[in-house]
Amino acid sequence: MTQPRVRRNEWQTLHPPALDSWTPTLAVSVVVPAYDAGRLLPSVLAGLAAQTYPAHLLEVVVVDDGPDALTLPEVRPERTRLVRVEHGWGRANACHTGAVVADGDVLHWLDADMLTERHEVEAQARWHHLLDHAVVLGDKWFVDPAPVLALNPAEVRDVAERDGLEALFAGTDREPHAWVEEIYARTDRLRLAGWNALRTHAGATASVRKDLYLESGGLDTTLRLGEDIALGARLGATGAVFVPDAEARSWHLGHTHVMARRDQVNAYNDPFLADVAPVLHTKRHPGRSYREPYLEVVLDTRGQPAQAVTDTVDAVLASTLHDLVVTLLGDWSALHDARAAVLDEPTLPARIVHTTYAGEPRVSLVEHLPPGRPRAAFRLTLPGTAFAPRPPALEKALLHLEHTHDGLRLVDLPDGTQVRLERTAAFARARRVAAPGEDLDAVVADLAGTQRMQGPRAGFGPSARVRPRAYPRTGGPPVDANEAWVRIEKALEGR
């Protein structure tokens, strides 16, 4: 399909058809994770039975996560099936179980306490017909389920079919999804959120193309809470556009743990999300390393003097931004243990570099970059070893990218070479929409923005000068304790 080009998260440039005015072609699988859901599931399925989306293109996969075996009620969409969780537990695991077996082109997550208006699936699906990297977020109100539970499922279906749910809840208190609405208000409903729009990916009612879901790596089934935000981060890394659709309306039958115990939920979620989602860098702590890095720095060491490589890499590792990894490219497989003239062997520079960083946990020694997008939120590629970043340079550059939402920063060095700092999400989207042979940097400039800076202003200097100084010399005859302290202070000041 021809892909429209959406800049950052400016989804208003897309023009979906009005409801009831178009002919869908994509099959949609509504995945309903169900735990202890016997009380509300009949009403949820009754709402889905009233959908305007063509019945032959709509399937519902109810994933039974216990504790007691579910049975499907009589009132339900024609193509509804029950899948039982065989391994693992929790919402993420149940949703992924349903996603894997789903037949549809589009996966639509719907919690087992969400009662949909009749146009809800149609409203979500229309965006996926326009853009294969859209992630659609439904609109919802939290209400007391009593008016629904007073009806039998057939009556619920009939009320939904005549657009009567609004009137059904007219006499009850309703609450918006408060923290999501707060973000919408600050960002013009995510139009100004840029690459941070993923933070509102609350999975109770959301949808994504199945191939995009699988490409992203899917849900982290080890998470017990916060899995929807973590999935949003993974989808964001693939270049997704996050679209909040006010016409994809649902009624949340009851209140969530987050609403009642938000501080406790956040305290639990934050360390998990910090570890797996580098884009959520505000949850991370200075001086720490995480499972998924915020920045990857790449340097090809082949043909470079060993001392120049170590000067450059040590400068990177001494950055005020600790949350980074370094990938060193080299012909490491050429290193061997056969007898050789140690100081004259042609692989000597590579051997010195390999030995220097073999035990450094933030450095990887590889021969080729792995295919696909980087694990890190950003990738910086150094053109050689002549210049390196001063300690605050990388942190400042990333903060600037975060504030501007740009996709690429180019740093021109005095020797005519260039440093590249790429936003993973922007390049992932560019690859999705670029025409064959089209310059990818030009596409990123269109989708996200690009700026160029001169090396000195960006904080780059000659590697031999920028590299961290050695520790002061020790030894010699003992001296007075106070005199020793003064010597140490002076030595450290001179580094």
# chains A, B, ... in the order shown; residues from 1 in each chain; ligands from 1
>>> residues_around(residues="range 26-31 of chain A", least_positions_apart="3", cutoff="7 Å", atoms="only C-alpha atoms", output="list of chain:residue names")
A:Leu57, A:Leu58, A:Glu59, A:Val60, A:Val61, A:Val62, A:Cys95, A:Gly98, A:Ala99, A:Ala102, A:Asp103, A:Gly104, A:Asp105, A:Val106, A:Leu107, A:His108, A:Trp109, A:Leu110
>>> write_last_selection(atoms="C-alpha atoms", output="tab-separated table (two decimals), in the first residue's frame")
chain	number	residue	atom	x	y	z
A	57	LEU	CA	-14.37	-9.47	8.64
A	58	LEU	CA	-14.74	-9.52	12.41
A	59	GLU	CA	-13.59	-12.26	14.76
A	60	VAL	CA	-13.43	-12.21	18.54
A	61	VAL	CA	-10.79	-14.22	20.38
A	62	VAL	CA	-11.60	-14.57	24.08
A	95	CYS	CA	-3.10	-10.81	24.95
A	98	GLY	CA	-4.65	-14.31	21.47
A	99	ALA	CA	-2.52	-12.30	19.06
A	102	ALA	CA	-5.69	-14.42	15.63
A	103	ASP	CA	-6.59	-14.58	11.94
A	104	GLY	CA	-7.15	-10.86	11.39
A	105	ASP	CA	-4.98	-8.27	9.66
A	106	VAL	CA	-5.66	-5.97	12.61
A	107	LEU	CA	-5.40	-6.79	16.31
A	108	HIS	CA	-7.84	-4.89	18.50
A	109	TRP	CA	-7.21	-5.22	22.23
A	110	LEU	CA	-10.35	-4.97	24.33
>>> select_by_dssp(residues="range 164-222 of chain A", states="strand (DSSP E)", output="number ranges by chain")
A: 174-176, 205-209
>>> write_last_selection(atoms="N, CA and C atoms", output="PDB file, in the first residue's frame")
ATOM      1  N   ARG A 174     -19.764   9.477  35.780  1.00  0.00           N
ATOM      2  CA  ARG A 174     -18.790   8.992  34.804  1.00  0.00           C
ATOM      3  C   ARG A 174     -17.487   9.755  34.985  1.00  0.00           C
ATOM      4  N   GLU A 175     -16.404   9.053  34.777  1.00  0.00           N
ATOM      5  CA  GLU A 175     -15.083   9.661  34.919  1.00  0.00           C
ATOM      6  C   GLU A 175     -14.276   9.434  33.650  1.00  0.00           C
ATOM      7  N   PRO A 176     -13.515  10.424  33.228  1.00  0.00           N
ATOM      8  CA  PRO A 176     -12.626  10.211  32.085  1.00  0.00           C
ATOM      9  C   PRO A 176     -11.385   9.442  32.509  1.00  0.00           C
ATOM     10  N   THR A 205      -8.433  -0.463  25.175  1.00  0.00           N
ATOM     11  CA  THR A 205      -9.099  -0.375  23.883  1.00  0.00           C
ATOM     12  C   THR A 205      -8.146   0.293  22.894  1.00  0.00           C
ATOM     13  N   ALA A 206      -7.398  -0.537  22.165  1.00  0.00           N
ATOM     14  CA  ALA A 206      -6.417  -0.036  21.212  1.00  0.00           C
ATOM     15  C   ALA A 206      -6.276  -1.055  20.096  1.00  0.00           C
ATOM     16  N   SER A 207      -5.677  -0.631  18.972  1.00  0.00           N
ATOM     17  CA  SER A 207      -5.548  -1.551  17.852  1.00  0.00           C
ATOM     18  C   SER A 207      -4.278  -1.267  17.064  1.00  0.00           C
ATOM     19  N   VAL A 208      -3.805  -2.305  16.367  1.00  0.00           N
ATOM     20  CA  VAL A 208      -2.557  -2.235  15.613  1.00  0.00           C
ATOM     21  C   VAL A 208      -2.592  -3.319  14.548  1.00  0.00           C
ATOM     22  N   ARG A 209      -1.933  -3.075  13.423  1.00  0.00           N
ATOM     23  CA  ARG A 209      -1.812  -4.134  12.420  1.00  0.00           C
ATOM     24  C   ARG A 209      -1.009  -5.285  13.011  1.00  0.00           C
TER      25      ARG A 209
END
>>> closest_residue(among="A:Asp323, A:Asp337, A:Glu345, A:Asp314", to="Phe387 in chain A", atoms="only C-alpha atoms")
A:Asp314
>>> residues_around(residues="Arg162 in chain A", least_positions_apart="4", cutoff="10 Å", atoms="only C-alpha atoms", output="ChimeraX atom specification")
/A:50,117-118,157-158
>>> closest_residue(among="A:Gly407, A:Gly164, A:Gly330, A:Gly194", to="Thr301 in chain A", atoms="only C-alpha atoms")
A:Gly330
>>> residues_around(residues="range 417-434 of chain A", least_positions_apart="6", cutoff="7 Å", atoms="only C-alpha atoms", output="list in words")
Gln3, Arg5, Gly236, Ala237, Thr238, Gly239, Arg373, Pro374, Ala377, Phe378, Arg379, Leu380, Thr381, Leu382, Pro383, Gly407, Leu408, Arg409, Leu410, Val411, Leu440, Val443, Val444 and Ala448 of chain A
>>> atom_distance(atom1="CA of Ala34 in chain A", atom2="CA of His177 in chain A")
21.1 Å
